[in-house]
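> Submitted below is the structure of interest, expressed as structure tokens.
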Amino acid sequence: MRTLSDAFSPFGGLRALQGFPSSGQAPAGHLATLTDFGSNPGRLAGRFHVPAALADQAPLVVVLHGCTQNAAGYDHHAGWSQLADEAGFALLFPEQHSGNNPNLCFNWFRPGDTRRDAGEALSIRQMIEAMVVAHGIDPARIFITGLSAGGAMASAMLATYPELFAGGAIIAGLAYGRASSVPEAFDCMRGQRLASDEELWALLRAASAHHGPWPRITIWQGAADHTVAPSNAEDIAAQWRSVHGLDTAPTQSETLGPRVRRRWRNAEGDILIEVNTLASMGHGTPVGEDLGVAGPYMLDVGVSSTREIANFWGICPARDADARTTPPRRTTKAISPASANSPATRQAAPPAVRAPAAPRGRPQPERSSVQKTIEDALRAAGLMR
């Protein structure tokens with residue numbers, strides 16, 4: 001019987017290097033090691049990069065590598081550290097190891113690693129908490145992205161901790177909750193497990209008791225991807241349209257060189273979801289322009305997804321005049337937490353019907369000193385009660 005590792009056989013030649021050929025390796029020691037960040041039930045490693053002059057209350061981007069890749073290699077090829085130095089945000093790179101998965105894939109298909117407060121998902125949340133405390137991160141500007149298995153794990157983090165993230169970017173990934181075993185993972189990757197919008201909505205709503213506002217999502221997919229079928233990008237978009245209460249039809253669709261970009265806006269005109277489909281592109285992260293370096297599964301298609309993603313989130317200057325340079329107000333409506341997980345609600349309620357979102361903040365007792373500042377930031381980020 002095939003294993004999940006076999007599904008990523010195109011990466012097999014890279015296995016011994018745990019990343020990329022020597023000509024594409026990142027400089028040794030470029031990323032620092034994150035230590036003492038919590039109980040780490042998922043047994044992940046943590047790397048990070050902080051610009052020399054990081055401002056207080058700067059954004060944080062969490063980056064999840066793909067199978068057989070490592071943090072330094074993905075950073076070097078995607079250009080995240082280069083952009084972070086230009087724009088002034090911090091980076092966190094959770095990193096898989098072979099003891100968890102022989103091909104260094106994040107375990108996006110294992111329920112024990114993709115539930116709130118368990119496994120790899122909790123390890124990543126703990127790393128984020130450590131970065132917020134150590135570097136004065138703005139808890140309202142935390143973002144996550146990933147490629148392939150990393151993209152599927154980014155979906156899991158956005159679903160299980162939606163209050164923590166202002167936005168996400170999923171590259172050749174999968175919708176949350178679509179697989180809970182190796183055979184199901186294969187079927188999903190091939191686009192053979194169909195799900196209705198209502199089923200996708202129910203999976204996302206069952207992941208947490210959150211009731212809005214919801215992260216903004218940008219999705220990137222190659223039209224010629226034979227590892228993760230393009231239909232998975234449509235599933236991701238449908239899953240997030242449901243909780244955002246958006247129509248099926250996009251607000252805007254346009255062709256920009258090699259890609260087609262579809263966008264969904266709310267009533268205020270804020271872009272909440274976008275799907276970028278690149279013609280003739282296979283499985284990998286789009287790189288190009290003046291950022292990043294092409295390599296295995298880092299595909300030079302003349303478009304830097306890294307820069308475009310940061311533009312979408314509003315954390316670096318936008319080159320696209322149509323994109324907003326600051327995140328929208330997070331006032332999206334969602335179903336109330338009391339009924340969110342009931343079977344009757346999942347079956348009977350149309351996915352676009354939502355009750356008003358509850359206020360995000362909570363009254364806090366009066367405290368003083370640096371401890372109060374740290375605790376207020378963690379509460380605002382959903383990292384502490």
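Letters A, B, ... mark the chains of the structure tokens in the order given; residue numbers begin at 1 per chain; ligand numbers begin at 1, in order shown.
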Considering only helix (DSSP H, G or I) as DSSP defines it on the backbone, what residues of range 175-252 of chain A qualify? List them as a ChimeraX atom specification.
/A:182-189,197-205,231-244
> Using only C-alpha atoms, which residues sit within 6 Å of range 302-312 of chain A once same-chain residues fewer than 5 positions away are excluded, as a compact mmCIF listing (two decimals) with N, CA, C and O atoms, in the first residue's frame?

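File produced: selection.txt:
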```txt
# COMPACT_ATOMS: atom_id res chain seq x y z
N PRO A 286 5.09 30.42 -6.64
CA PRO A 286 5.48 31.35 -7.70
C PRO A 286 6.52 32.36 -7.20
O PRO A 286 6.32 33.01 -6.18
N VAL A 287 7.63 32.46 -7.92
CA VAL A 287 8.63 33.48 -7.62
C VAL A 287 8.93 34.24 -8.90
O VAL A 287 8.65 33.77 -10.00
N GLY A 288 9.54 35.41 -8.76
CA GLY A 288 9.86 36.20 -9.93
C GLY A 288 10.11 37.64 -9.56
O GLY A 288 10.20 37.99 -8.38
N GLU A 289 10.23 38.47 -10.57
CA GLU A 289 10.55 39.89 -10.41
C GLU A 289 11.89 40.02 -9.71
O GLU A 289 12.87 39.42 -10.09
N ALA A 318 2.10 48.56 -1.61
CA ALA A 318 1.44 47.85 -2.71
C ALA A 318 1.84 48.47 -4.04
O ALA A 318 1.81 49.69 -4.21
```
> Report as a PyMOL selection string all protein, DNA and RNA residues lying within 12 Å of Trp313 in chain A, evaluated on only C-alpha atoms, omitting residues in the same chain fewer than 2 positions from it.
chain A and resi 59-61+89+140-145+165-169+215-218+270-274+306-311+315-318+323-328
> Can I get the selection written as a short mmCIF file (atom, residue, chain, number, x, y, z; two decimals), in the first residue's frame, with N, CA and C atoms?

```cif
data_model
loop_
_atom_site.label_atom_id
_atom_site.label_comp_id
_atom_site.auth_asym_id
_atom_site.auth_seq_id
_atom_site.Cartn_x
_atom_site.Cartn_y
_atom_site.Cartn_z
N PRO A 59 4.35 43.77 12.40
CA PRO A 59 3.63 42.54 12.03
C PRO A 59 4.52 41.32 12.16
N LEU A 60 3.89 40.15 12.20
CA LEU A 60 4.58 38.86 12.19
C LEU A 60 4.00 37.99 11.10
N VAL A 61 4.87 37.37 10.29
CA VAL A 61 4.45 36.42 9.27
C VAL A 61 4.98 35.05 9.64
N PHE A 89 8.96 43.73 9.02
CA PHE A 89 8.14 42.80 9.80
C PHE A 89 8.97 41.59 10.20
N ALA A 140 -2.63 42.26 16.45
CA ALA A 140 -3.66 42.40 15.42
C ALA A 140 -3.11 42.22 14.01
N ARG A 141 -1.78 42.01 13.89
CA ARG A 141 -1.17 41.84 12.57
C ARG A 141 -0.28 40.61 12.54
N ILE A 142 -0.89 39.46 12.76
CA ILE A 142 -0.21 38.18 12.66
C ILE A 142 -0.79 37.44 11.46
N PHE A 143 0.08 36.93 10.58
CA PHE A 143 -0.33 36.32 9.33
C PHE A 143 0.36 34.96 9.18
N ILE A 144 -0.20 34.11 8.32
CA ILE A 144 0.40 32.78 8.10
C ILE A 144 0.29 32.38 6.64
N THR A 145 1.33 31.71 6.15
CA THR A 145 1.34 31.22 4.77
C THR A 145 2.06 29.88 4.72
N PHE A 165 -5.21 35.22 13.74
CA PHE A 165 -4.65 35.67 12.47
C PHE A 165 -5.49 36.75 11.80
N ALA A 166 -4.81 37.78 11.32
CA ALA A 166 -5.48 38.80 10.51
C ALA A 166 -5.63 38.35 9.07
N GLY A 167 -4.77 37.43 8.62
CA GLY A 167 -4.85 36.97 7.24
C GLY A 167 -4.02 35.72 7.02
N GLY A 168 -4.32 35.03 5.91
CA GLY A 168 -3.59 33.83 5.55
C GLY A 168 -3.36 33.78 4.06
N ALA A 169 -2.36 32.99 3.65
CA ALA A 169 -2.06 32.77 2.24
C ALA A 169 -1.75 31.30 2.05
N PRO A 215 -10.22 35.87 9.38
CA PRO A 215 -9.03 36.28 8.61
C PRO A 215 -9.34 36.49 7.13
N ARG A 216 -8.55 37.35 6.50
CA ARG A 216 -8.60 37.53 5.05
C ARG A 216 -7.71 36.46 4.42
N ILE A 217 -8.12 35.93 3.29
CA ILE A 217 -7.44 34.78 2.70
C ILE A 217 -7.07 35.05 1.24
N THR A 218 -5.81 34.79 0.89
CA THR A 218 -5.38 34.79 -0.51
C THR A 218 -4.89 33.39 -0.86
N ASP A 270 -13.80 46.20 1.07
CA ASP A 270 -12.57 45.54 1.49
C ASP A 270 -12.45 44.17 0.81
N ILE A 271 -11.25 43.84 0.36
CA ILE A 271 -11.00 42.53 -0.26
C ILE A 271 -10.79 41.51 0.84
N LEU A 272 -11.66 40.51 0.92
CA LEU A 272 -11.59 39.50 1.97
C LEU A 272 -11.02 38.18 1.48
N ILE A 273 -11.23 37.86 0.22
CA ILE A 273 -10.73 36.61 -0.35
C ILE A 273 -10.27 36.88 -1.78
N GLU A 274 -9.18 36.26 -2.17
CA GLU A 274 -8.79 36.28 -3.57
C GLU A 274 -8.19 34.93 -3.96
N THR A 306 5.36 36.05 -2.86
CA THR A 306 5.74 36.60 -1.56
C THR A 306 5.37 38.07 -1.47
N ARG A 307 5.78 38.85 -2.46
CA ARG A 307 5.47 40.28 -2.44
C ARG A 307 3.97 40.52 -2.59
N GLU A 308 3.33 39.77 -3.47
CA GLU A 308 1.89 39.95 -3.68
C GLU A 308 1.10 39.61 -2.43
N ILE A 309 1.52 38.57 -1.73
CA ILE A 309 0.83 38.18 -0.49
C ILE A 309 0.98 39.28 0.56
N ALA A 310 2.19 39.79 0.73
CA ALA A 310 2.40 40.86 1.70
C ALA A 310 1.62 42.11 1.32
N ASN A 311 1.52 42.40 0.01
CA ASN A 311 0.68 43.52 -0.44
C ASN A 311 -0.77 43.30 -0.05
N ILE A 315 1.09 44.82 4.54
CA ILE A 315 2.25 44.99 5.41
C ILE A 315 3.51 45.42 4.63
N CYS A 316 3.36 45.71 3.35
CA CYS A 316 4.44 46.35 2.60
C CYS A 316 3.79 47.16 1.50
N PRO A 317 4.50 48.16 0.95
CA PRO A 317 3.89 49.04 -0.05
C PRO A 317 3.33 48.25 -1.23
N ALA A 318 2.10 48.56 -1.61
CA ALA A 318 1.44 47.85 -2.71
C ALA A 318 1.84 48.47 -4.04
N ALA A 323 -5.17 47.43 -4.78
CA ALA A 323 -5.10 46.73 -3.50
C ALA A 323 -5.07 47.73 -2.35
N ARG A 324 -5.71 47.39 -1.25
CA ARG A 324 -5.66 48.25 -0.07
C ARG A 324 -4.32 48.02 0.64
N THR A 325 -3.73 49.07 1.18
CA THR A 325 -2.43 48.95 1.84
C THR A 325 -2.57 48.75 3.34
N THR A 326 -3.79 48.77 3.87
CA THR A 326 -4.01 48.46 5.28
C THR A 326 -5.12 47.45 5.37
N PRO A 327 -5.06 46.56 6.38
CA PRO A 327 -6.12 45.57 6.53
C PRO A 327 -7.46 46.23 6.81
N PRO A 328 -8.57 45.66 6.33
CA PRO A 328 -9.88 46.24 6.60
C PRO A 328 -10.28 46.04 8.04
#
```
> Restricting the calculation to only C-alpha atoms, which member of A:Gln252, A:Thr285, A:Ser81, A:Ser155 is positioned closest to Gln239 in chain A?
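Under the stated criterion, the closest residue is A:Ser155.
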> With a distance cut-off of 8 Å and only C-alpha atoms, select the neighbouring residues of Gly119 in chain A, excluding the residue or stretch itself and same-chain residues fewer than 5 positions from it, and output the selection as number ranges by chain.
A: 40-43, 112-114
> I need the residue nearest Leu92 in chain A from this list: A:Trp264, A:Tyr297, A:Tyr176, A:Trp80. Use only C-alpha atoms for the distance.
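Using only C-alpha atoms, the shortest distance to Leu92 in chain A belongs to A:Trp80.
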> Calculate how many Å separate CA of Gln82 in chain A from CA of Asp138 in chain A, rounding to one decimal.
20.4 Å
> Of the residues A:Leu246, A:Ala206, A:Ala223, A:Ala55, which is the one nearest to Ala156 in chain A, using only C-alpha atoms?
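So, comparing all the options, the nearest one is A:Ala206.
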> Tell me, in Å to one decimal, how far CA of Ala58 in chain A is from CA of Leu34 in chain A.
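According to the coordinates, CA of Ala58 in chain A and CA of Leu34 in chain A are separated by 18.2 Å.
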> Pick out each residue of range 259-292 of chain A that DSSP on the backbone tags as strand (DSSP E); I need them as a PyMOL selection string.
chain A and resi 259-265+271-278+285-287
> Could you tell me how far CA of Asn101 in chain A sits from CA of Glu184 in chain A, in Å to one decimal place?
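Pair CA of Glu184 in chain A / CA of Asn101 in chain A returns 17.3 Å.
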> Could you check the closest approach to Ala159 in chain A for each of A:Val243, A:Ala78, A:Thr227, A:Phe106 and tell me which residue wins, using only C-alpha atoms?
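For Ala159 in chain A, the nearest of the given residues is A:Val243.
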> Residues near Leu54 in chain A, anyone? I mean within 12 Å using only C-alpha atoms, not counting same-chain ones fewer than 2 positions away, as a ChimeraX atom specification.
/A:49-52,56-60,84-91,134-138
> Excluding Leu256 in chain A and any residue of its chain fewer than 4 positions from it, enumerate the residues within 12 Å of it, using only C-alpha atoms, and give them as a PyMOL selection string.
chain A and resi 260-262+276-279+302-303+320
> Can I get the selected residues back with C-alpha atoms, as a compact mmCIF listing (two decimals), in the first residue's frame?

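out-v8.txt was written with the following content:
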```
# COMPACT_ATOMS: atom_id res chain seq x y z
CA VAL A 260 -6.16 35.12 -13.39
CA ARG A 261 -7.10 36.86 -10.15
CA ARG A 262 -10.60 36.68 -8.68
CA ASN A 276 -4.76 33.56 -8.05
CA THR A 277 -4.60 30.87 -10.75
CA LEU A 278 -1.43 30.69 -12.84
CA ALA A 279 -1.73 29.20 -16.31
CA GLY A 302 7.48 36.25 -13.40
CA VAL A 303 5.29 36.86 -10.34
CA ASP A 320 -1.13 47.37 -7.37
```
